[in-house]
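Source file start-v2.txt; content: compact mmCIF, C-alpha atoms and all ligand atoms.
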# COMPACT_ATOMS: atom_id res chain seq x y z
CA MET I 40 10.26 35.10 -61.88
CA THR I 41 10.10 31.56 -63.27
CA VAL I 42 12.10 29.14 -61.16
CA PRO I 43 13.55 26.19 -63.08
CA PRO I 44 13.04 22.69 -61.62
CA PRO I 45 15.76 21.38 -59.26
CA LYS I 46 18.79 19.89 -60.97
CA ASP I 47 21.95 18.12 -59.92
CA LEU I 48 24.10 21.10 -58.91
CA SER I 49 27.24 18.96 -58.65
CA GLU I 50 27.37 19.26 -62.46
CA THR I 51 27.88 22.98 -61.93
CA ALA I 52 30.95 22.70 -59.66
CA PRO I 53 34.36 23.11 -61.32
CA SER I 54 36.39 19.93 -61.63
CA SER I 55 40.01 19.79 -62.69
CA THR I 56 40.11 16.02 -62.71
CA LEU I 57 36.89 14.41 -63.82
CA SER I 58 37.56 14.50 -67.53
CA ASN I 59 40.72 12.41 -67.03
CA VAL I 60 39.02 9.48 -65.38
CA GLU I 61 37.26 6.61 -67.08
CA LEU I 62 35.12 4.33 -64.96
CA SER I 63 34.16 0.89 -66.21
CA VAL I 64 31.64 -1.30 -64.46
CA ASP I 65 31.54 -5.05 -64.96
CA GLY I 66 28.87 -6.53 -62.69
CA ALA I 67 29.91 -5.63 -59.14
CA ILE I 68 33.48 -4.74 -60.14
CA LYS I 69 34.26 -1.09 -60.73
CA THR I 70 37.58 -0.02 -62.21
CA ALA I 71 38.74 3.57 -62.37
CA ARG I 72 41.40 4.35 -64.92
CA ILE I 73 43.24 7.61 -65.43
CA ILE I 74 43.27 8.24 -69.16
CA ASN I 75 46.64 9.98 -69.46
CA PRO I 76 48.53 9.06 -66.28
CA ILE I 77 51.39 11.33 -65.30
CA LYS I 78 54.82 9.78 -65.91
CA ASP I 79 56.81 10.18 -62.70
CA GLU I 80 59.37 7.45 -62.03
CA ARG I 81 60.47 8.87 -58.68
CA SER I 82 60.29 6.22 -56.00
CA LEU I 83 62.18 6.74 -52.75
CA LYS I 84 63.02 3.67 -50.72
CA PRO I 85 64.25 4.91 -47.35
CA SER I 86 64.68 2.42 -44.51
CA VAL I 87 62.91 2.88 -41.18
CA ALA I 88 66.28 4.13 -39.89
CA ASP I 89 66.34 6.83 -42.61
CA LEU I 90 62.88 7.96 -41.52
CA THR I 91 63.86 8.10 -37.86
CA VAL I 92 64.77 11.50 -36.44
CA SER I 93 68.09 11.57 -34.57
CA GLU I 94 68.47 12.74 -30.97
CA PRO I 95 68.06 15.44 -29.80
CA VAL I 96 64.76 15.58 -31.69
CA THR I 97 63.80 19.05 -32.92
CA ALA I 98 60.97 20.46 -35.03
CA ASP I 99 63.62 21.36 -37.65
CA LYS I 100 64.74 17.76 -37.97
CA ILE I 101 61.18 16.40 -38.15
CA SER I 102 60.27 19.02 -40.76
CA GLU I 103 63.32 18.17 -42.85
CA LYS I 104 62.26 14.49 -43.06
CA LEU I 105 58.67 15.53 -43.82
CA GLU I 106 59.84 17.77 -46.66
CA ILE I 107 61.82 14.92 -48.24
CA TYR I 108 59.73 11.83 -47.44
CA GLY I 109 56.37 13.13 -46.19
CA GLY I 110 56.86 10.97 -43.08
CA ALA I 111 59.15 10.88 -40.04
CA ILE I 112 59.46 8.59 -37.02
CA VAL I 113 60.16 10.01 -33.55
CA LYS I 114 61.34 7.47 -30.99
CA ASN I 115 59.91 7.74 -27.45
CA PHE I 116 57.57 10.59 -28.38
CA LEU I 117 55.51 9.86 -25.26
CA SER I 118 56.66 7.95 -22.18
CA HIS I 119 55.30 4.43 -21.58
CA GLU I 120 53.40 5.80 -18.58
CA ILE I 121 51.52 8.43 -20.64
CA THR I 122 51.00 6.01 -23.56
CA ASP I 123 49.48 3.46 -21.16
CA LYS I 124 47.26 6.12 -19.56
CA ILE I 125 45.94 7.05 -23.02
CA TRP I 126 45.27 3.40 -23.81
CA SER I 127 43.39 2.86 -20.55
CA ASP I 128 41.23 5.94 -21.32
CA ILE I 129 40.45 4.85 -24.89
CA SER I 130 40.29 1.05 -24.87
CA PRO I 131 36.96 0.73 -22.98
CA HIS I 132 35.34 2.51 -25.96
CA PHE I 133 36.17 -0.17 -28.55
CA LYS I 134 33.03 -1.82 -29.87
CA LYS I 135 32.73 -4.83 -32.10
CA ARG I 136 31.46 -3.72 -35.48
CA THR I 137 30.88 -4.94 -38.96
CA TRP I 138 32.11 -2.90 -41.88
CA ASN I 139 30.50 -3.31 -45.27
CA GLY I 140 32.70 -0.95 -47.25
CA ASP I 141 36.10 -1.69 -48.79
CA PHE I 142 38.05 0.84 -46.76
CA PHE I 143 38.41 -0.96 -43.41
CA PRO I 144 38.74 -4.71 -43.04
CA GLN I 145 36.19 -6.38 -40.72
CA GLN I 146 39.01 -7.12 -38.29
CA THR I 147 39.73 -3.41 -37.71
CA THR I 148 37.96 -1.82 -34.76
CA ARG I 149 38.18 1.83 -33.86
CA VAL I 150 37.47 4.53 -31.34
CA THR I 151 36.78 7.95 -32.83
CA SER I 152 37.10 11.47 -31.38
CA ILE I 153 39.66 10.36 -28.79
CA VAL I 154 40.27 14.02 -27.88
CA THR I 155 36.84 13.91 -26.22
CA LYS I 156 37.54 10.64 -24.42
CA SER I 157 40.92 11.36 -22.86
CA LYS I 158 42.23 14.62 -21.46
CA THR I 159 45.69 13.07 -21.65
CA VAL I 160 45.26 12.84 -25.43
CA CYS I 161 44.51 16.58 -25.48
CA GLU I 162 47.16 17.79 -23.08
CA GLU I 163 50.11 15.44 -23.65
CA TYR I 164 49.63 14.23 -27.22
CA MET I 165 47.80 16.92 -29.24
CA CYS I 166 49.53 19.75 -27.35
CA HIS I 167 52.96 18.11 -27.29
CA PRO I 168 55.36 21.02 -28.00
CA LEU I 169 57.03 19.20 -30.90
CA TYR I 170 53.72 18.36 -32.55
CA MET I 171 52.45 21.91 -32.06
CA GLU I 172 55.55 23.38 -33.67
CA VAL I 173 55.59 20.98 -36.62
CA ALA I 174 51.82 21.44 -37.18
CA ALA I 175 52.23 25.23 -37.11
CA ARG I 176 54.86 25.00 -39.85
CA PHE I 177 52.83 22.76 -42.12
CA VAL I 178 49.20 23.83 -41.56
CA GLY I 179 49.39 27.12 -39.65
CA LYS I 180 48.70 30.32 -41.60
CA LYS I 181 50.06 33.79 -40.98
CA ASN I 182 49.21 36.63 -43.33
CA THR I 183 48.92 40.39 -43.38
CA PHE I 184 45.76 41.99 -44.71
CA ILE I 185 44.75 45.50 -45.72
CA ILE I 186 41.82 46.93 -43.78
CA GLY I 187 41.28 50.57 -44.78
CA GLN I 188 44.68 52.22 -44.27
CA ASP I 189 45.80 49.67 -41.67
CA LEU I 190 47.65 46.44 -41.96
CA THR I 191 46.41 43.55 -39.86
CA THR I 192 48.57 40.50 -39.28
CA ALA I 193 46.67 37.36 -38.34
CA TYR I 194 47.78 33.91 -37.30
CA SER I 195 45.33 31.06 -37.87
CA GLU I 196 46.34 28.23 -35.54
CA PRO I 197 46.14 24.59 -36.56
CA GLN I 198 43.02 22.91 -35.21
CA HIS I 199 41.99 19.36 -34.48
CA ASN I 200 40.76 17.56 -37.58
CA SER I 201 40.16 13.99 -36.40
CA SER I 202 41.49 11.67 -33.75
CA THR I 203 40.97 7.93 -33.98
CA THR I 204 42.49 4.82 -32.49
CA LEU I 205 42.59 1.84 -34.83
CA SER I 206 43.16 -1.72 -33.74
CA ILE I 207 43.98 -3.98 -36.68
CA GLY I 208 43.24 -7.59 -35.78
CA PRO I 209 44.64 -10.89 -37.13
CA GLY I 210 43.37 -11.69 -40.62
CA ALA I 211 42.87 -8.05 -41.69
CA THR I 212 43.80 -7.32 -45.29
CA ASN I 213 45.61 -4.28 -46.70
CA GLN I 214 43.68 -1.03 -46.61
CA PRO I 215 43.63 0.60 -50.07
CA PHE I 216 46.19 3.35 -50.64
CA HIS I 217 44.77 6.83 -50.21
CA ARG I 218 45.69 10.38 -49.33
CA ASP I 219 43.86 11.67 -46.27
CA ASP I 220 43.62 15.19 -47.74
CA ILE I 221 41.03 14.04 -50.29
CA ILE I 222 38.47 15.15 -47.71
CA HIS I 223 39.66 18.70 -48.43
CA HIS I 224 39.68 18.18 -52.22
CA ASN I 225 43.39 18.94 -52.17
CA ILE I 226 44.39 18.41 -55.80
CA ARG I 227 48.17 18.01 -55.78
CA LYS I 228 50.50 19.07 -58.59
CA TYR I 229 53.85 17.49 -59.44
CA ARG I 230 56.61 19.17 -57.44
CA GLU I 231 60.39 18.84 -57.60
CA LYS I 232 60.66 19.80 -53.95
CA TYR I 233 58.32 20.51 -51.08
CA GLU I 234 56.55 23.86 -51.00
CA TYR I 235 54.95 25.08 -47.81
CA GLY I 236 51.42 26.46 -47.76
CA TYR I 237 49.51 23.74 -49.62
CA GLU I 238 49.17 21.11 -46.93
CA THR I 239 45.67 20.84 -45.50
CA ALA I 240 46.39 18.34 -42.71
CA ILE I 241 49.15 16.58 -40.82
CA ALA I 242 49.03 13.48 -38.63
CA CYS I 243 50.94 12.38 -35.58
CA CYS I 244 50.35 8.64 -35.15
CA LEU I 245 51.11 7.08 -31.78
CA ALA I 246 52.03 3.40 -31.37
CA HIS I 247 50.32 1.78 -28.38
CA ASN I 248 52.24 -1.44 -28.89
CA LYS I 249 55.03 -2.67 -31.16
CA THR I 250 53.92 -2.20 -34.76
CA THR I 251 55.45 -4.50 -37.39
CA LYS I 252 54.97 -5.31 -41.05
CA ALA I 253 53.38 -8.58 -39.86
CA ASN I 254 50.84 -7.05 -37.48
CA GLY I 255 49.68 -4.23 -39.77
CA ALA I 256 52.08 -1.26 -39.43
CA THR I 257 51.02 1.73 -41.54
CA ARG I 258 52.56 1.35 -44.98
CA PHE I 259 53.24 4.61 -46.66
CA ILE I 260 54.87 5.77 -49.86
CA PRO I 261 57.80 8.09 -49.16
CA GLY I 262 57.90 11.03 -51.54
CA SER I 263 54.28 10.62 -52.68
CA HIS I 264 53.46 14.05 -51.21
CA LEU I 265 55.37 15.45 -54.23
CA TRP I 266 53.40 13.46 -56.77
CA ASP I 267 50.78 14.80 -59.09
CA HIS I 268 47.15 13.96 -58.39
CA GLN I 269 47.25 11.49 -61.28
CA ARG I 270 50.28 9.41 -60.28
CA ILE I 271 49.06 5.95 -59.24
CA PRO I 272 50.65 4.29 -56.16
CA GLN I 273 52.15 0.80 -56.39
CA GLU I 274 52.59 -1.78 -53.63
CA ASP I 275 56.37 -2.10 -54.20
CA GLU I 276 56.90 1.59 -53.35
CA VAL I 277 55.98 1.28 -49.67
CA VAL I 278 57.85 1.52 -46.42
CA TYR I 279 56.31 0.13 -43.23
CA ALA I 280 56.30 2.59 -40.32
CA GLU I 281 57.42 0.05 -37.71
CA MET I 282 57.52 1.42 -34.18
CA GLU I 283 57.82 0.57 -30.52
CA LYS I 284 55.26 1.59 -27.90
CA GLY I 285 55.35 5.37 -27.36
CA ASP I 286 56.99 6.13 -30.74
CA ALA I 287 55.22 8.46 -33.19
CA PHE I 288 54.98 8.55 -36.95
CA PHE I 289 54.45 12.06 -38.33
CA MET I 290 52.82 12.05 -41.75
CA LEU I 291 51.63 14.70 -44.18
CA ALA I 292 48.04 14.11 -45.31
CA SER I 293 49.20 14.45 -48.94
CA CYS I 294 51.12 11.15 -48.69
CA PHE I 295 49.72 7.87 -49.99
CA HIS I 296 49.41 5.33 -47.19
CA GLY I 297 47.13 2.67 -45.74
CA GLY I 298 46.86 0.25 -42.86
CA SER I 299 48.42 -3.13 -43.64
CA ALA I 300 47.37 -6.74 -43.57
CA ASN I 301 47.74 -8.38 -40.18
CA THR I 302 49.21 -11.80 -40.92
CA THR I 303 49.82 -12.76 -37.29
CA LYS I 304 47.67 -15.26 -35.38
CA ASP I 305 47.11 -13.27 -32.23
CA GLU I 306 48.65 -9.78 -32.36
CA TYR I 307 46.78 -6.49 -32.62
CA ARG I 308 48.23 -3.35 -34.20
CA ASN I 309 47.01 -0.60 -31.90
CA GLN I 310 47.75 2.93 -33.08
CA SER I 311 46.18 6.36 -32.69
CA PHE I 312 45.94 8.92 -35.49
CA LEU I 313 45.61 12.56 -34.49
CA PHE I 314 45.24 14.95 -37.41
CA MET I 315 45.51 18.72 -37.28
CA THR I 316 44.19 20.87 -40.09
CA GLN I 317 44.31 24.51 -41.14
CA GLY I 318 42.42 26.60 -38.57
CA HIS I 319 40.35 28.37 -41.20
CA LEU I 320 38.92 25.23 -42.77
CA ARG I 321 35.59 25.92 -41.06
CA PRO I 322 32.63 28.27 -41.52
CA GLU I 323 33.08 31.85 -40.34
CA GLU I 324 30.18 31.68 -37.88
CA ASN I 325 29.75 28.92 -35.31
CA ILE I 326 26.04 28.22 -35.35
CA PHE I 327 26.17 24.82 -33.67
CA ILE I 328 27.25 25.60 -30.13
CA GLU I 329 23.95 26.96 -28.80
CA THR I 330 21.34 25.79 -31.28
CA PRO I 331 19.09 23.03 -29.93
CA MET I 332 18.75 19.88 -32.03
CA GLU I 333 14.95 20.43 -32.08
CA TYR I 334 15.48 23.51 -34.24
CA PHE I 335 17.52 21.59 -36.82
CA GLU I 336 14.94 18.78 -36.85
CA THR I 337 12.35 21.23 -38.18
CA LEU I 338 14.46 22.15 -41.24
CA SER I 339 14.23 20.60 -44.68
CA VAL I 340 16.93 18.24 -45.93
CA GLN I 341 18.18 20.90 -48.34
CA ALA I 342 18.33 23.54 -45.60
CA LEU I 343 20.30 21.11 -43.39
CA LYS I 344 22.74 20.41 -46.22
CA SER I 345 23.19 24.11 -46.89
CA ILE I 346 23.65 24.90 -43.21
CA GLY I 347 26.51 22.35 -43.07
CA LEU I 348 24.81 19.55 -41.20
CA ALA I 349 25.38 16.92 -43.87
CA ALA I 350 28.74 15.31 -44.57
CA SER I 351 30.79 16.80 -47.38
CA GLN I 352 31.85 14.14 -49.88
CA PRO I 353 34.16 12.35 -49.54
CA TYR I 354 34.02 11.71 -45.77
CA CYS I 355 34.35 15.18 -44.27
CA GLY I 356 32.22 16.25 -41.34
CA TRP I 357 31.15 12.77 -40.24
CA PHE I 358 29.77 12.15 -36.77
CA ARG I 359 30.55 9.34 -34.25
CA ASP I 360 31.61 6.45 -36.48
CA LEU I 361 31.51 7.70 -40.06
CA GLU I 362 27.81 8.51 -39.77
CA ASP I 363 26.42 11.30 -41.86
CA PRO I 364 25.04 13.89 -39.39
CA LEU I 365 22.09 14.42 -41.74
CA HIS I 366 20.86 10.92 -40.86
CA VAL I 367 21.26 11.66 -37.17
CA VAL I 368 19.14 14.80 -37.43
CA LYS I 369 16.68 13.20 -39.86
CA PRO I 370 16.68 9.38 -39.55
CA GLU I 371 14.02 9.22 -42.27
CA THR I 372 16.73 10.16 -44.80
CA LEU I 373 18.33 6.71 -44.39
CA THR I 374 17.83 5.02 -47.75
CA GLY I 375 19.95 1.90 -47.51
CA ASP I 376 22.40 2.89 -50.23
CA ASP I 377 24.17 5.91 -48.76
CA GLN I 378 28.00 5.86 -48.76
CA PHE I 379 28.12 6.23 -45.00
CA GLU I 380 25.10 4.42 -43.75
CA ASN I 381 26.16 0.86 -44.59
CA THR I 382 29.61 1.14 -43.20
CA PHE I 383 30.04 0.50 -39.50
CA LYS I 384 27.30 -1.23 -37.62
CA ILE I 385 27.67 -1.99 -33.95
CA VAL I 386 27.00 -5.68 -33.45
CA GLU I 387 27.50 -5.96 -29.73
O1 LIG W 1 45.66 1.92 -39.92
C1 LIG W 1 46.51 2.58 -40.52
O2 LIG W 1 47.72 2.37 -40.40
C2 LIG W 1 46.09 3.70 -41.43
C3 LIG W 1 44.64 4.06 -41.33
C4 LIG W 1 44.26 5.11 -42.29
O3 LIG W 1 45.01 5.52 -43.10
C5 LIG W 1 42.93 5.72 -42.27
O4 LIG W 1 42.04 5.20 -41.58
O5 LIG W 1 42.72 6.74 -42.97
FE FE W 2 44.41 7.35 -43.97
What is this file in structure tokens?
Amino acid sequence: MTVPPPKDLSETAPSSTLSNVELSVDGAIKTARIINPIKDERSLKPSVADLTVSEPVTADKISEKLEIYGGAIVKNFLSHEITDKIWSDISPHFKKRTWNGDFFPQQTTRVTSIVTKSKTVCEEYMCHPLYMEVAARFVGKKNTFIIGQDLTTAYSEPQHNSSTTLSIGPGATNQPFHRDDIIHHNIRKYREKYEYGYETAIACCLAHNKTTKANGATRFIPGSHLWDHQRIPQEDEVVYAEMEKGDAFFMLASCFHGGSANTTKDEYRNQSFLFMTQGHLRPEENIFIETPMEYFETLSVQALKSIGLAASQPYCGWFRDLEDPLHVVKPETLTGDDQFENTFKIVE
């Protein structure tokens, strides 16, 4: 057998979108343009009150707001006591960092994997009965399968996707609009109304202090979960998810959103983001739990990529603080121009 030389296999993967995008580069400035943008004039402008779920709060009421807007605010989701306990568990882990990418302003600091840093995050926040029920509706899966002559019904529970606390400091600029489900290559189609079964992740965001438009409250675009992949978000379509300490903002990962500029002199916008994803978005076999690092270190770069120890573009499977695990296993793969490697650097 003659084996052809290695080629760029990404050319082989199907793409439903690439042919519609034109990228122009002028010096350091890159501009992406969608060639035939979808015309969709829908722009909902609910107030924070419209987004807020009335008492008594139920999973039905939260889900109804999520279906319409893609976001919902729950007042007093966690008590001040529990919210403060979470903050005291997490806050010692903040480190001062520089960020060389466009995605986070320099003034934003973060603590990642907070489910491993606070049992209270796990037990009271992630496993809050309302969050569990809403997550099950949006990212749980229950199906019946034929095996021989039997029918097997299986429920795939939502699982933790990421959990991060972000502190936006004075002087921070707007984070670019994005959908968090791009990590799952979730290509959305225009929809008149919400259809269950296509959501790959859902967030419950907890306010650790009062969040305001001035100090960087999450700005999100209500209704953008119903937009086509090619509808471009505009700044005048946003609503700011302003909250008090202990309130939560539920958000579908298919919604456009971003952190906001912090125009205050001395306030910090401290908020946690806990995402759940579909339970089956993982490999069938868990090969990581017992395999020593020394074994992986002996493998080639290609074998490590194929085994799942390199990040999946864009930004899925990162380790610690947006590091590509490939570089952790094989530091010699650091080249200086990788999308992850020049992002956060701890400076003190
Ligand atoms: O800080 C925020 O409000 C949003 C952050 C965010 O969207 C992200 O990091 O993906
Ligand atoms: Fe985001």
Original post:
Mind listing the residues within 7 Å of ligand LIG 1 (chain W), all atoms listed in the file counted, as a PyMOL selection string?
Top reply: chain I and resi 205+207+219+255-258+296-299
**OP:** Identify, on the basis of all atoms listed in the file, every residue whose closest approach to Phe216 (chain I) does not exceed 12 Å; exclude the query and any residue fewer than 2 positions from it along the same chain; express the result as JSON, numbers by chain.
**Re:** {"I": [141, 142, 143, 213, 214, 218, 219, 221, 257, 258, 259, 260, 263, 271, 272, 273, 274, 276, 277, 293, 294, 295, 296, 297, 298, 299]}
Original post:
Using only C-alpha atoms, which residues sit within 9 Å of Ile226 (chain I) once same-chain residues fewer than 3 positions away are excluded, as a ChimeraX atom specification?
Top reply: /I:55-56,220-221,223,267-268
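Residue nearest ligand FE 2 (chain W), chosen from I:Thr204, I:Trp266, I:Gly356, I:Lys369 and counting all atoms listed in the file: I:Thr204.
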**OP:** Compare I:Ala174, I:Ala292, I:Leu62, I:Val42 by their minimum atom-to-atom distance to Pro197 (chain I), counting only C-alpha atoms, and give me the closest one.
**Re:** I:Ala174
Subject >> Among the residues I:Gly187, I:Asn115, I:Gly208, I:Asp99, the one that comes closest to Val173 (chain I) [using all atoms listed in the file] >> reply: I:Asp99
Original post:
How far is it from CA of Lys78 (chain I) to CA of Ile107 (chain I), in Å with one decimal?
Top reply: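 Distance reported for this atom pair: 19.7 Å.
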Original post:
Which residue out of I:Val64, I:Ala111, I:Ala300, I:Ala175 has the minimum interatomic distance to Gln317 (chain I) when all atoms listed in the file are used?
Top reply: I:Ala175
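With only C-alpha atoms and all ligand atoms as the basis for measurement, I:Ser311 is the residue among I:Ser311, I:Ser127, I:Thr192, I:Ser54 that approaches ligand FE 2 (chain W) most closely.
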**OP:** Within 9 Å of (35.4, 13.7, -53.2) (coordinates as in the file), grab all the protein and nucleic acid residues, counting all atoms listed in the file, and write them out as a list of chain:residue names.
**Re:**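 Within the cut-off we find I:Ile221, I:Ile222, I:His223, I:His224, I:Ser351, I:Gln352, I:Pro353, I:Tyr354.
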**OP:** Considering only C-alpha atoms, state which residue in the set I:Tyr194, I:Tyr279, I:Phe184, I:Phe177 is at the smallest distance from Pro85 (chain I).
**Re:**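 So, comparing all the options, the nearest one is I:Tyr279.
In this structure, CA of Glu50 (chain I) sits 16.9 Å away from CA of Lys344 (chain I).
Contact shell of Pro209 (chain I) at 9 Å (all atoms listed in the file; same-chain neighbours under 6 positions omitted): Gln146, Thr147, Asn254, Gly255, Ala300, Asn301, Thr302, Thr303, Lys304, Asp305, Glu306, Tyr307 and Arg308 of chain I.
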Original post:
Hey, can you check how far CA of Ser195 (chain I) sits from CA of Arg321 (chain I)?
Top reply: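 Spanning CA of Ser195 (chain I) to CA of Arg321 (chain I) is a straight-line distance of 11.5 Å.
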